[in-house]
Structures are given as C-alpha cells and as structure tokens.
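target.csv follows (CSV, C-alpha atoms):
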```
chain,number,residue,atom,x,y,z
U,934,MET,CA,-10.0,-7.6,-102.7
U,935,ASP,CA,-11.3,-9.4,-99.7
U,936,PHE,CA,-9.7,-12.8,-99.3
U,937,SER,CA,-11.9,-14.0,-96.4
U,938,THR,CA,-14.0,-17.1,-97.1
U,939,GLY,CA,-17.4,-18.0,-95.8
U,940,ALA,CA,-18.3,-20.5,-93.1
U,941,GLY,CA,-18.8,-23.2,-95.7
U,942,ALA,CA,-15.2,-23.0,-96.9
U,943,ALA,CA,-13.4,-26.4,-97.1
U,944,ALA,CA,-10.3,-25.2,-95.4
U,945,TYR,CA,-7.4,-27.6,-95.4
U,946,ASN,CA,-6.5,-28.0,-91.7
U,947,GLU,CA,-3.0,-29.5,-91.9
U,948,LYS,CA,-2.4,-29.1,-88.2
U,949,SER,CA,-5.2,-31.5,-87.3
U,950,GLU,CA,-4.0,-34.0,-89.9
U,951,LEU,CA,-0.5,-34.0,-88.4
U,952,GLU,CA,-2.0,-34.6,-84.9
U,953,ILE,CA,-4.0,-37.6,-86.3
U,954,CYS,CA,-0.9,-38.9,-88.0
U,955,LYS,CA,1.0,-38.8,-84.8
U,956,VAL,CA,-1.7,-40.7,-82.9
U,957,PHE,CA,-2.0,-43.3,-85.7
U,958,SER,CA,1.8,-43.7,-85.9
U,959,ALA,CA,2.0,-44.3,-82.2
U,960,GLU,CA,-0.8,-46.9,-82.3
U,961,MET,CA,0.6,-48.7,-85.3
U,962,THR,CA,4.0,-48.9,-83.7
U,963,LYS,CA,2.5,-50.3,-80.5
U,964,ARG,CA,0.5,-52.9,-82.5
U,965,SER,CA,3.6,-54.0,-84.5
U,966,GLN,CA,5.5,-54.6,-81.3
U,967,MET,CA,2.5,-56.5,-79.7
U,968,LEU,CA,2.2,-58.8,-82.8
U,969,SER,CA,5.7,-60.3,-82.5
U,970,LEU,CA,5.7,-60.7,-86.2
U,971,ASN,CA,8.8,-62.9,-86.4
U,972,SER,CA,7.5,-65.4,-83.9
U,973,VAL,CA,4.7,-66.8,-86.1
U,974,PRO,CA,5.9,-69.2,-88.8
U,975,GLN,CA,4.7,-68.3,-92.4
U,976,SER,CA,3.0,-71.7,-92.7
U,977,SER,CA,0.9,-71.1,-89.7
U,978,ARG,CA,-0.2,-67.7,-91.0
U,979,GLU,CA,-1.1,-69.2,-94.3
U,980,LYS,CA,-3.1,-72.0,-92.6
U,981,LYS,CA,-5.0,-69.4,-90.6
U,982,ARG,CA,-5.9,-67.6,-93.8
U,983,GLU,CA,-7.2,-70.8,-95.4
U,984,ASN,CA,-9.4,-71.6,-92.4
U,985,GLY,CA,-10.7,-68.0,-92.0
U,986,PRO,CA,-9.8,-65.3,-89.4
U,987,GLU,CA,-10.2,-66.3,-85.8
U,988,ALA,CA,-12.0,-64.1,-83.3
U,989,THR,CA,-8.7,-63.0,-81.8
U,990,SER,CA,-7.1,-62.2,-85.1
U,991,PRO,CA,-6.0,-58.5,-85.4
U,992,ALA,CA,-8.1,-56.8,-88.1
U,993,ILE,CA,-8.2,-53.3,-89.6
U,994,ASN,CA,-11.7,-51.8,-90.0
U,995,LEU,CA,-11.9,-48.6,-92.1
U,996,MET,CA,-14.9,-46.4,-91.9
U,997,GLY,CA,-15.6,-43.1,-93.7
U,998,PHE,CA,-17.9,-41.0,-95.8
U,999,ASN,CA,-15.4,-40.3,-98.6
U,1000,ILE,CA,-14.6,-43.0,-101.1
U,1001,GLU,CA,-11.4,-41.3,-102.3
U,1002,GLU,CA,-10.0,-41.1,-98.7
U,1003,MET,CA,-11.0,-44.7,-98.1
U,1004,CYS,CA,-9.2,-46.0,-101.2
U,1005,GLU,CA,-6.1,-44.0,-100.4
U,1006,ALA,CA,-6.1,-45.2,-96.7
U,1007,GLN,CA,-6.5,-48.8,-97.9
U,1008,ALA,CA,-3.7,-48.5,-100.4
U,1009,TRP,CA,-1.4,-47.0,-97.8
U,1010,ILE,CA,-2.1,-49.7,-95.2
U,1011,GLN,CA,-1.5,-52.3,-97.9
U,1012,ARG,CA,1.9,-50.9,-98.6
U,1013,ILE,CA,2.8,-50.7,-94.9
U,1014,LEU,CA,1.6,-54.3,-94.1
U,1015,SER,CA,2.9,-56.0,-97.3
U,1016,LEU,CA,6.5,-54.8,-96.3
U,1017,PRO,CA,8.2,-55.4,-99.7
U,1018,GLN,CA,12.0,-55.5,-99.4
U,1019,PRO,CA,13.1,-52.8,-99.7
U,1020,HIS,CA,10.2,-50.6,-98.8
U,1021,ILE,CA,10.0,-47.5,-101.1
U,1022,ILE,CA,8.9,-44.0,-100.1
U,1023,GLU,CA,8.7,-41.8,-103.1
U,1024,ASN,CA,8.3,-38.1,-102.4
U,1025,ASN,CA,10.1,-35.1,-103.9
U,1026,HIS,CA,9.9,-33.3,-100.5
U,1027,ILE,CA,12.8,-35.6,-99.5
U,1028,LEU,CA,14.9,-33.0,-101.4
U,1029,TYR,CA,14.0,-30.5,-98.7
U,1030,PHE,CA,15.4,-32.6,-95.9
U,1031,GLY,CA,17.9,-30.5,-93.9
U,1032,LYS,CA,20.5,-31.4,-91.3
U,1033,LYS,CA,17.8,-32.1,-88.7
U,1034,GLU,CA,15.9,-34.6,-90.9
U,1035,HIS,CA,19.1,-36.3,-92.0
U,1036,ASP,CA,20.2,-36.6,-88.4
U,1037,ILE,CA,16.9,-38.3,-87.6
U,1038,LEU,CA,17.4,-40.8,-90.5
U,1039,SER,CA,20.9,-41.6,-89.1
U,1040,GLN,CA,19.5,-42.1,-85.6
U,1041,LEU,CA,16.8,-44.4,-87.0
U,1042,GLN,CA,19.4,-46.6,-88.6
U,1043,LYS,CA,21.4,-46.7,-85.4
U,1044,THR,CA,18.5,-47.6,-83.1
U,1045,SER,CA,16.6,-50.0,-85.5
U,1046,ARG,CA,17.7,-52.9,-87.6
U,1047,VAL,CA,17.3,-51.0,-90.9
U,1048,THR,CA,19.3,-49.4,-93.7
U,1049,ILE,CA,18.0,-46.2,-95.4
U,1050,THR,CA,19.3,-45.3,-98.9
U,1051,GLU,CA,18.4,-42.0,-100.6
U,1052,ILE,CA,18.1,-42.2,-104.4
U,1053,THR,CA,17.7,-39.1,-106.5
U,1054,SER,CA,17.2,-38.7,-110.3
U,1055,PRO,CA,16.0,-35.9,-112.6
U,1056,GLU,CA,12.5,-37.5,-112.5
U,1057,ARG,CA,12.0,-38.5,-108.8
U,1058,THR,CA,13.4,-38.8,-105.3
U,1059,LYS,CA,12.9,-41.8,-103.1
U,1060,LEU,CA,14.1,-43.6,-99.9
U,1061,GLU,CA,14.7,-47.3,-99.9
U,1062,ILE,CA,14.3,-48.8,-96.4
U,1063,ALA,CA,15.4,-52.4,-95.7
U,1064,GLY,CA,15.4,-54.4,-92.5
U,1065,ALA,CA,13.5,-56.5,-90.0
U,1066,PRO,CA,9.7,-56.3,-90.5
U,1067,ALA,CA,9.0,-55.2,-86.9
U,1068,ASP,CA,11.5,-52.4,-87.1
U,1069,LEU,CA,10.5,-51.5,-90.6
U,1070,ILE,CA,7.0,-50.5,-89.7
U,1071,GLU,CA,8.1,-48.1,-87.0
U,1072,VAL,CA,10.8,-46.5,-89.1
U,1073,VAL,CA,8.5,-46.0,-92.1
U,1074,MET,CA,5.9,-44.4,-89.8
U,1075,ASN,CA,8.5,-42.0,-88.4
U,1076,ILE,CA,9.7,-41.0,-91.9
U,1077,GLU,CA,6.1,-40.5,-93.2
U,1078,ASP,CA,5.4,-38.3,-90.1
U,1079,MET,CA,8.6,-36.3,-90.8
U,1080,LEU,CA,7.6,-35.8,-94.5
U,1081,CYS,CA,4.2,-34.5,-93.4
U,1082,LYS,CA,5.9,-31.8,-91.4
U,1083,VAL,CA,8.3,-30.9,-94.2
U,1084,GLN,CA,5.4,-30.7,-96.7
U,1085,GLU,CA,3.6,-28.3,-94.4
U,1086,GLU,CA,6.7,-26.2,-93.9
U,1087,MET,CA,7.1,-25.9,-97.7
U,1088,ALA,CA,3.4,-25.1,-98.2
U,1089,ARG,CA,3.7,-22.3,-95.6
U,1090,LYS,CA,6.7,-20.9,-97.5
U,1091,LYS,CA,4.6,-20.9,-100.8
U,1092,GLU,CA,1.8,-19.1,-99.0
U,1093,ARG,CA,4.2,-16.4,-97.8
U,1094,SER,CA,5.5,-16.0,-101.4
U,1095,LEU,CA,2.0,-15.6,-102.7
U,1096,TRP,CA,1.2,-12.9,-100.1
U,1097,ASN,CA,4.5,-11.1,-100.7
U,1098,PHE,CA,3.9,-11.2,-104.5
U,1099,LEU,CA,0.4,-9.7,-104.1
U,1100,GLY,CA,1.7,-7.1,-101.5
U,1101,GLN,CA,4.5,-6.0,-103.8
U,1102,TRP,CA,2.3,-5.2,-106.7
U,1103,THR,CA,-1.0,-4.3,-105.1
U,1104,ASN,CA,-2.5,-3.4,-101.8
U,1105,GLN,CA,-4.1,-6.8,-101.4
U,1106,GLN,CA,-2.8,-8.1,-98.1
U,1107,PRO,CA,-4.4,-9.9,-95.2
U,1108,LYS,CA,-6.2,-7.6,-92.9
U,1109,THR,CA,-4.1,-8.7,-89.9
U,1110,GLN,CA,-0.8,-10.5,-89.3
U,1111,ASP,CA,-2.7,-13.3,-87.6
U,1112,GLU,CA,-4.7,-13.8,-90.8
U,1113,LYS,CA,-1.4,-14.0,-92.8
U,1114,LYS,CA,-0.3,-16.9,-90.5
U,1115,GLU,CA,-3.4,-18.9,-91.3
U,1116,ASN,CA,-3.6,-21.4,-94.1
U,1117,ILE,CA,-4.9,-20.0,-97.4
U,1118,LEU,CA,-8.6,-21.1,-97.6
U,1119,PHE,CA,-10.1,-22.6,-100.7
U,1120,LEU,CA,-13.4,-24.1,-101.8
U,1121,LYS,CA,-13.5,-27.6,-103.4
U,1122,TYR,CA,-17.1,-28.7,-104.2
U,1123,PRO,CA,-18.9,-31.0,-106.6
U,1124,VAL,CA,-20.4,-29.3,-109.6
U,1125,HIS,CA,-23.5,-29.8,-111.7
U,1126,LEU,CA,-22.3,-31.3,-115.0
U,1127,THR,CA,-23.0,-28.7,-117.7
U,1128,GLN,CA,-23.0,-29.8,-121.4
U,1129,GLU,CA,-19.3,-28.7,-121.6
U,1130,LEU,CA,-18.4,-30.9,-118.6
U,1131,LEU,CA,-20.4,-33.8,-119.9
U,1132,ASP,CA,-18.5,-33.6,-123.2
U,1133,GLN,CA,-15.3,-33.5,-121.2
U,1134,LYS,CA,-16.4,-36.5,-119.1
U,1135,LYS,CA,-17.0,-38.4,-122.3
U,1136,GLN,CA,-13.4,-37.7,-123.4
U,1137,PHE,CA,-12.1,-39.1,-120.2
U,1138,GLU,CA,-14.1,-42.3,-120.7
U,1139,ILE,CA,-13.0,-42.6,-124.3
U,1140,CYS,CA,-9.4,-42.5,-123.0
U,1141,GLY,CA,-10.2,-45.4,-120.6
U,1142,LEU,CA,-10.7,-43.4,-117.3
U,1143,GLN,CA,-14.0,-43.7,-115.5
U,1144,VAL,CA,-14.9,-40.4,-113.8
U,1145,LEU,CA,-16.0,-40.7,-110.2
U,1146,LYS,CA,-16.7,-37.0,-109.6
U,1147,VAL,CA,-15.8,-33.5,-110.8
U,1148,GLU,CA,-15.1,-30.7,-108.3
U,1149,LYS,CA,-14.7,-27.0,-108.8
U,1150,ILE,CA,-11.8,-25.3,-107.2
U,1151,ASP,CA,-12.1,-21.7,-105.9
U,1152,ASN,CA,-9.1,-20.0,-104.2
U,1153,LYS,CA,-9.3,-16.2,-104.1
U,1154,VAL,CA,-5.6,-15.7,-103.3
U,1155,LEU,CA,-4.4,-18.0,-106.1
U,1156,MET,CA,-6.8,-16.3,-108.5
U,1157,ALA,CA,-5.6,-12.8,-107.5
U,1158,ALA,CA,-2.0,-13.8,-108.1
U,1159,PHE,CA,-3.0,-15.5,-111.4
U,1160,GLN,CA,-4.9,-12.4,-112.7
U,1161,LEU,CA,-2.0,-10.1,-111.6
U,1162,LYS,CA,0.5,-12.3,-113.5
U,1163,LYS,CA,-1.8,-12.3,-116.6
U,1164,LYS,CA,-2.1,-8.5,-116.4
U,1165,MET,CA,1.7,-8.2,-116.2
U,1166,MET,CA,2.1,-10.4,-119.3
U,1167,GLU,CA,-0.5,-8.4,-121.2
U,1168,GLY,CA,1.5,-5.2,-120.4
U,1169,LYS,CA,4.6,-6.4,-122.2
U,1170,PRO,CA,5.1,-5.0,-125.7
U,1171,HIS,CA,4.5,-7.0,-128.9
U,1172,ARG,CA,2.8,-10.0,-127.3
U,1173,GLN,CA,-0.6,-11.3,-126.4
U,1174,PRO,CA,-0.5,-13.9,-123.6
U,1175,VAL,CA,-2.3,-17.0,-124.7
U,1176,SER,CA,-4.3,-18.9,-122.2
U,1177,HIS,CA,-4.7,-22.7,-122.7
U,1178,ARG,CA,-7.0,-25.1,-120.8
U,1179,LEU,CA,-4.5,-28.0,-119.9
U,1180,PHE,CA,-4.3,-31.1,-117.7
U,1181,GLN,CA,-1.9,-32.3,-115.1
U,1182,GLN,CA,-2.1,-35.6,-113.1
U,1183,VAL,CA,-1.4,-35.2,-109.4
U,1184,PRO,CA,-1.1,-37.9,-106.7
U,1185,HIS,CA,-4.1,-37.9,-104.4
U,1186,GLN,CA,-2.0,-37.0,-101.4
U,1187,PHE,CA,-1.1,-33.6,-103.0
U,1188,CYS,CA,-4.4,-32.6,-104.4
U,1189,LYS,CA,-5.4,-30.4,-101.4
U,1190,MET,CA,-1.9,-28.8,-101.5
U,1191,VAL,CA,-2.5,-27.8,-105.2
U,1192,CYS,CA,-5.9,-26.3,-104.3
U,1193,ARG,CA,-4.2,-24.4,-101.5
U,1194,VAL,CA,-0.9,-23.1,-102.9
U,1195,GLY,CA,-1.1,-23.9,-106.6
U,1196,PHE,CA,0.9,-26.2,-108.9
U,1197,GLN,CA,4.4,-27.1,-107.9
U,1198,ARG,CA,7.0,-29.5,-109.3
U,1199,THR,CA,7.0,-31.4,-106.0
U,1200,TYR,CA,3.3,-32.1,-106.3
U,1201,SER,CA,3.0,-33.5,-109.8
U,1202,VAL,CA,3.5,-37.1,-111.0
U,1203,PRO,CA,7.2,-37.7,-111.8
U,1204,CYS,CA,8.0,-37.1,-115.5
U,1205,ASP,CA,11.2,-36.9,-117.6
U,1206,PRO,CA,12.2,-33.2,-117.5
U,1207,LYS,CA,13.4,-33.3,-121.1
U,1208,TYR,CA,12.0,-29.8,-121.9
U,1209,GLY,CA,13.3,-28.1,-118.8
U,1210,VAL,CA,13.0,-28.0,-115.0
U,1211,GLY,CA,9.5,-26.6,-114.7
U,1212,ILE,CA,5.9,-27.5,-114.2
U,1213,TYR,CA,4.5,-29.7,-116.9
U,1214,PHE,CA,1.0,-29.7,-118.4
U,1215,THR,CA,-0.5,-31.4,-121.4
U,1216,LYS,CA,-3.5,-30.8,-123.7
U,1217,ASN,CA,-3.5,-34.4,-124.8
U,1218,LEU,CA,-5.8,-36.2,-122.4
U,1219,LYS,CA,-5.2,-39.5,-124.2
U,1220,SER,CA,-1.5,-39.6,-123.6
U,1221,LEU,CA,-2.0,-38.5,-120.0
U,1222,ALA,CA,-4.5,-41.4,-119.5
U,1223,GLU,CA,-2.2,-44.0,-121.1
U,1224,LYS,CA,0.7,-42.9,-119.0
U,1225,ALA,CA,-1.4,-42.9,-115.8
U,1226,LYS,CA,-2.7,-46.4,-116.5
U,1227,LYS,CA,0.8,-47.7,-117.0
U,1228,THR,CA,2.6,-46.0,-114.1
U,1229,SER,CA,-0.1,-45.8,-111.5
U,1230,THR,CA,-0.2,-49.5,-110.9
U,1231,GLU,CA,-0.5,-49.2,-107.1
U,1232,ASP,CA,-3.0,-46.3,-107.2
U,1233,LYS,CA,-6.7,-47.0,-107.4
U,1234,LEU,CA,-7.5,-43.4,-108.0
U,1235,ILE,CA,-6.2,-41.2,-110.8
U,1236,CYS,CA,-6.6,-37.5,-110.0
U,1237,VAL,CA,-6.4,-35.0,-112.9
U,1238,PHE,CA,-6.5,-31.2,-112.6
U,1239,GLU,CA,-7.9,-29.2,-115.4
U,1240,ALA,CA,-6.2,-25.8,-115.3
U,1241,GLU,CA,-6.1,-22.5,-117.1
U,1242,VAL,CA,-2.4,-21.9,-117.9
U,1243,LEU,CA,-0.8,-18.7,-119.2
U,1244,THR,CA,1.5,-20.1,-121.9
U,1245,GLY,CA,2.0,-16.7,-123.6
U,1246,SER,CA,5.0,-16.7,-126.0
U,1247,PHE,CA,6.6,-20.1,-126.1
U,1248,CYS,CA,9.6,-21.8,-127.8
U,1249,GLN,CA,11.1,-25.2,-128.1
U,1250,GLY,CA,12.1,-26.7,-124.7
U,1251,ARG,CA,15.5,-28.0,-123.8
U,1252,GLN,CA,16.5,-30.2,-120.9
U,1253,LEU,CA,18.9,-27.6,-119.6
U,1254,ASN,CA,16.2,-24.9,-119.3
U,1255,ILE,CA,15.7,-23.7,-115.7
U,1256,GLY,CA,13.6,-20.8,-116.9
U,1257,PRO,CA,12.0,-19.5,-120.1
U,1258,PRO,CA,14.7,-18.6,-122.7
U,1259,PRO,CA,15.1,-15.0,-124.0
U,1260,LEU,CA,13.0,-14.0,-127.0
U,1261,SER,CA,16.2,-13.6,-129.0
U,1262,PRO,CA,19.9,-13.9,-128.2
U,1263,GLY,CA,20.9,-11.1,-125.8
U,1264,ALA,CA,17.3,-9.9,-125.4
U,1265,VAL,CA,16.1,-8.7,-122.0
U,1266,ASP,CA,12.6,-10.1,-122.4
U,1267,SER,CA,12.0,-13.8,-122.3
U,1268,HIS,CA,9.4,-16.3,-123.5
U,1269,ASP,CA,6.7,-17.3,-121.1
U,1270,SER,CA,6.9,-21.0,-121.5
U,1271,VAL,CA,8.5,-23.8,-123.5
U,1272,VAL,CA,6.8,-26.7,-125.5
U,1273,ASP,CA,7.6,-30.1,-127.0
U,1274,SER,CA,6.9,-28.9,-130.5
U,1275,VAL,CA,6.5,-25.3,-131.6
U,1276,SER,CA,4.5,-26.2,-134.7
U,1277,SER,CA,2.1,-28.5,-132.9
U,1278,PRO,CA,2.5,-28.2,-129.1
U,1279,GLU,CA,1.0,-30.8,-126.7
U,1280,THR,CA,3.2,-30.5,-123.7
U,1281,PHE,CA,3.6,-27.0,-122.1
U,1282,VAL,CA,6.2,-26.2,-119.4
U,1283,ILE,CA,5.9,-23.1,-117.2
U,1284,PHE,CA,8.5,-21.9,-114.7
U,1285,SER,CA,6.2,-19.9,-112.4
U,1286,SER,CA,3.4,-21.5,-110.5
U,1287,MET,CA,1.4,-18.3,-110.7
U,1288,GLN,CA,0.9,-18.8,-114.4
U,1289,ALA,CA,-1.6,-21.6,-113.7
U,1290,ILE,CA,-4.8,-21.8,-111.8
U,1291,PRO,CA,-6.6,-25.0,-111.0
U,1292,GLN,CA,-10.2,-25.0,-112.3
U,1293,TYR,CA,-11.5,-28.5,-111.9
U,1294,LEU,CA,-10.4,-31.7,-110.2
U,1295,TRP,CA,-11.4,-34.9,-112.0
U,1296,THR,CA,-11.2,-38.0,-109.8
U,1297,CYS,CA,-11.0,-41.1,-111.9
U,1298,THR,CA,-10.3,-44.8,-111.7
U,1299,LYS,CA,-9.1,-47.5,-114.1
U,1300,GLY,CA,-11.8,-49.9,-113.0
U,1301,TYR,CA,-15.3,-49.7,-111.7
U,1302,VAL,CA,-15.8,-48.1,-108.3
U,1303,GLN,CA,-19.3,-47.6,-106.9
U,1304,SER,CA,-20.3,-44.0,-106.8
U,1305,GLN,CA,-20.5,-42.3,-103.4
U,1306,ASP,CA,-23.8,-42.9,-101.5
U,1307,TYR,CA,-24.1,-41.3,-98.1
U,1308,SER,CA,-27.7,-42.3,-97.5
U,1309,SER,CA,-26.8,-45.4,-95.5
U,1310,GLY,CA,-24.2,-43.7,-93.3
U,1311,PRO,CA,-20.4,-44.0,-93.3
U,1312,MET,CA,-18.8,-46.6,-95.6
U,1313,ARG,CA,-16.9,-49.5,-94.2
U,1314,SER,CA,-14.0,-51.4,-95.5
U,1315,PHE,CA,-12.7,-54.9,-94.5
U,1316,ALA,CA,-15.7,-55.2,-92.2
U,1317,GLN,CA,-16.7,-58.7,-93.2
U,1318,HIS,CA,-13.2,-60.1,-94.0
U,1319,PRO,CA,-10.5,-58.6,-91.9
U,1320,LEU,CA,-7.5,-57.8,-94.0
U,1321,LYS,CA,-9.1,-59.4,-97.1
U,1322,GLY,CA,-7.9,-57.7,-100.2
U,1323,LEU,CA,-4.5,-56.9,-98.7
U,1324,THR,CA,-1.6,-58.2,-100.6
U,1325,SER,CA,-0.7,-61.8,-99.9
U,1326,GLY,CA,2.2,-62.4,-97.6
U,1327,SER,CA,1.1,-59.7,-95.1
U,1328,PRO,CA,2.8,-60.5,-91.8
U,1329,VAL,CA,-0.4,-59.6,-89.9
U,1330,ASP,CA,-2.8,-62.4,-89.3
```

Would it be possible to restate this file's structure as structure tokens?
Amino acid sequence: MDFSTGAGAAAYNEKSELEICKVFSAEMTKRSQMLSLNSVPQSSREKKRENGPEATSPAINLMGFNIEEMCEAQAWIQRILSLPQPHIIENNHILYFGKKEHDILSQLQKTSRVTITEITSPERTKLEIAGAPADLIEVVMNIEDMLCKVQEEMARKKERSLWNFLGQWTNQQPKTQDEKKENILFLKYPVHLTQELLDQKKQFEICGLQVLKVEKIDNKVLMAAFQLKKKMMEGKPHRQPVSHRLFQQVPHQFCKMVCRVGFQRTYSVPCDPKYGVGIYFTKNLKSLAEKAKKTSTEDKLICVFEAEVLTGSFCQGRQLNIGPPPLSPGAVDSHDSVVDSVSSPETFVIFSSMQAIPQYLWTCTKGYVQSQDYSSGPMRSFAQHPLKGLTSGSPVD
C-alpha cells in the first residue's frame, strides 16, 4: 500500500507550531515584564475599565480564518491573564516528564517566586503553580512550551510503533528512511451532510449540543494498522470480531494528534477508570453530552470523535484490568475489550489503540456560535473592545 498523500493533505506540522509557541512565549514574557503588573493598584485598573480603554492601554487582537482555533486561543489567553491562584495545568503528558523536565521545574522554582506542585490521580494529572503574577506568566509559558515538546516526542514514538507493527506483519513500510522520519499525514476535511449524518446531527442537537461542523478523517497508515488488527482478530478461532460505531470526547488541543496517531489514553477527556486502564468509548451520546456540559465549563468547544471500534469478544470490566482478561481461567486467548455491562453495554474499553479508527470529528458548542464565513476575510476578536470578554480581575489593563 502506498502511504503517500496528495498535495492537498492537511499535514500536521508540529515543528512550525513549536516555533510559533517559542516566539509567542518570548513575546508574552517580555510584555509581562514591561507591564509592571504589581505597580498598578487594583482600584486604578477597575476605574480604567469603567471609563473605557485608553489609547495607550495594552490590548490583544486575535485574527484568523478558523473559528475553533480562535475560540481556543481566546480561552487560553483568558486562563493566562486571569491568573487564578493557583494556576492549574492539566495534561496527562506530565506523566512522561523525565529527569530533564523535572530539573527544569526545580530550576523555575529557584529562579522565580513560584511553587510548583504535581498532583496525580487515576483520572488526571496536573500541575498547580502559585506565586507572584509577573513570575507566574513566565513560568506557565515555559511549562506549556515544555509540554508541547513532550507531546511531540510521544507522538513520534507512537508513529514508530505504527510503522513497526505494519512492518512486522506486512511489507507496508515507508519507501525511504527519510519518509519514516516525517510525521504521518492525514486528511481532515468538511463533508457534505448525507441523510445519515443529518440524522446523527439531529441526535447531537437533541442531546443539547449544537454542531458547528463535521469533518471526515482519512489516515492511510492508521487505516492499514486497523485493518490488519481486524484481520488478525478474524483469524482467531470461535469468534467473530464485532465492530461498533462509538464516540469519544477529546480536548480540542489533542484532536490533530488523534487524527495523526490514533486514540490514546493521554488524549481523551479524563474519566474514572473503573472498568480498567484503557481507552474509553461510549455508544450513549446523551450521557457523553451531559458529562461534557458539566465538566467542560471552561471550554467553549466540545469535540467528539465518531469512531469504528473493534470490540470483538468482551466481558465485564474491572478497575484492576490493564489488559483484556482471558476468555476463561488459564486460557491463552483473551477477550478483545471490556464493558460496563455485558447484558446491555454502553461503555467499551479497549487496550490497543489500533482497535479504533477515527471516522468523523464533530465540533460542537453548548451555546450559539456563528457558523464560519470566510467571505469577508479573516475573523477578528477583541478588535473593538480590547480585552473585553476576558475574565474580570485580569491584571492587564
């Protein structure tokens, strides 16, 4: 199979994003130092807001063609500038911090007036950062930059695993070693709403989620690994692998990663692993929507992947499961997945990312957001009212 992609492919260029992040980080750090945040009394800042922004007031002007990226950028800037105490960074890639990253965290605490606490639980991993506002912005930016690098490193490892899996069982390998070093390419594009998709869209709306757009996901490498996994499951005696169309909510920041290397525990929205340490999917869109509306209070966008999942033979899940249990005590063969209820399953847990392939990405919101319209050029945010809409108490005037 040829894994090359045409010129129209929407390749995810992580390297360029890292470079942009570095430039933005340096600029934000410089701005935070110039603002002398602690020198302006809170009463003076509130008075300025009441009288309207002055011509010399710092302002953030966002422009772009993509409403999702704009919403995420605005939400991220809000979190940075609102500076809650402590500031929380929640990202399961923190678990992959090694000695180098922990040394950097220690150095940041020594050189800045901040304290950094790492908190882990079965559901999530987060860092709590507390300290002086001027130092907090710089430290948070440094940690976010470090997380971007760790995320990319882990994605590259997943890509190598995919190539090795395909190479072990087939002759499907990159044509050159240089091609193997490149990011796996994928296509993510808006689709015409067929009757089936229109019916699905209606189900989203019944559940209280307004659909902004639907995108089809095409990734030849992921599909090849998925089909190979399916063939291997079909080759096992006395079983027919069952394929279900299931859903998973993923934070917007990890959607491109899922399109690129598939579903991973580190990319999904945190959940209670009461059925095992695996990758969770649900066929109950209503329960997913209710949970999303309750837990995604800071997120304007709710991103839901519709996936084809090889559930195969399943059994009741248990919290201690780190893989599918054997078909029977002492048996060599094992089940393919676990569920919340064998008689009427709604939650399915798989333990191999190659058992699921993303088909569609549904981008939704809890409230009304104007549909994308590119006819008038790039969209602008905060253009008329600098920093309007940001959380109150922002230290920037």

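Residue nearest Arg1089 of chain U, chosen from U:Thr1053, U:Asn1116, U:Gln1007, U:Asn999 and counting only C-alpha atoms: U:Asn1116.
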
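The space between atom CA of Val1144 of chain U and atom CA of Thr1296 of chain U spans 6.0 Å.
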
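Of the residues under consideration (U:Phe1137, U:Phe998, U:Phe1281, U:Phe1119), U:Phe1281 shows the shortest atom-to-atom contact distance to His1177 of chain U when counting all atoms listed in the file.
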
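For the atom pair formed by atom CA of Leu1218 of chain U and atom CA of Leu1131 of chain U, the distance is 15.0 Å, given to one decimal.
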
Close residues, Gln1252 of chain U itself excluded, 8 Å, only C-alpha atoms, min 3 positions apart in chain, as a count of residues only = 5

My structure is short of atoms at segment 1260-1265 of chain U; please model all heavy atoms there, returning them as an mmCIF file, in the coordinates of the input.
```
data_model
loop_
_atom_site.group_PDB
_atom_site.id
_atom_site.type_symbol
_atom_site.label_atom_id
_atom_site.label_comp_id
_atom_site.auth_asym_id
_atom_site.auth_seq_id
_atom_site.Cartn_x
_atom_site.Cartn_y
_atom_site.Cartn_z
ATOM 1 N N LEU U 1260 13.706 -14.014 -125.726
ATOM 2 C CA LEU U 1260 13.000 -14.000 -127.000
ATOM 3 C C LEU U 1260 13.968 -14.070 -128.186
ATOM 4 O O LEU U 1260 13.639 -14.636 -129.230
ATOM 5 C CB LEU U 1260 12.204 -12.665 -127.115
ATOM 6 C CG LEU U 1260 10.982 -12.561 -126.191
ATOM 7 C CD1 LEU U 1260 10.402 -11.155 -126.239
ATOM 8 C CD2 LEU U 1260 9.933 -13.584 -126.597
ATOM 9 N N SER U 1261 15.156 -13.548 -127.989
ATOM 10 C CA SER U 1261 16.200 -13.600 -129.000
ATOM 11 C C SER U 1261 17.550 -13.550 -128.264
ATOM 12 O O SER U 1261 17.597 -13.087 -127.115
ATOM 13 C CB SER U 1261 16.081 -12.514 -130.039
ATOM 14 O OG SER U 1261 16.173 -11.252 -129.410
ATOM 15 N N PRO U 1262 18.641 -13.995 -128.881
ATOM 16 C CA PRO U 1262 19.900 -13.900 -128.200
ATOM 17 C C PRO U 1262 20.270 -12.530 -127.707
ATOM 18 O O PRO U 1262 20.228 -11.572 -128.470
ATOM 19 C CB PRO U 1262 20.924 -14.391 -129.293
ATOM 20 C CG PRO U 1262 20.105 -15.261 -130.192
ATOM 21 C CD PRO U 1262 18.731 -14.632 -130.202
ATOM 22 N N GLY U 1263 20.518 -12.423 -126.412
ATOM 23 C CA GLY U 1263 20.900 -11.100 -125.800
ATOM 24 C C GLY U 1263 19.689 -10.283 -125.421
ATOM 25 O O GLY U 1263 19.877 -9.203 -124.839
ATOM 26 N N ALA U 1264 18.474 -10.726 -125.724
ATOM 27 C CA ALA U 1264 17.300 -9.900 -125.400
ATOM 28 C C ALA U 1264 17.027 -9.945 -123.896
ATOM 29 O O ALA U 1264 17.351 -10.900 -123.197
ATOM 30 C CB ALA U 1264 16.072 -10.469 -126.149
ATOM 31 N N VAL U 1265 16.443 -8.851 -123.407
ATOM 32 C CA VAL U 1265 16.100 -8.700 -122.000
ATOM 33 C C VAL U 1265 14.831 -9.533 -121.698
ATOM 34 O O VAL U 1265 14.744 -10.262 -120.717
ATOM 35 C CB VAL U 1265 15.938 -7.277 -121.574
ATOM 36 C CG1 VAL U 1265 15.464 -7.183 -120.120
ATOM 37 C CG2 VAL U 1265 17.241 -6.518 -121.767
#
```
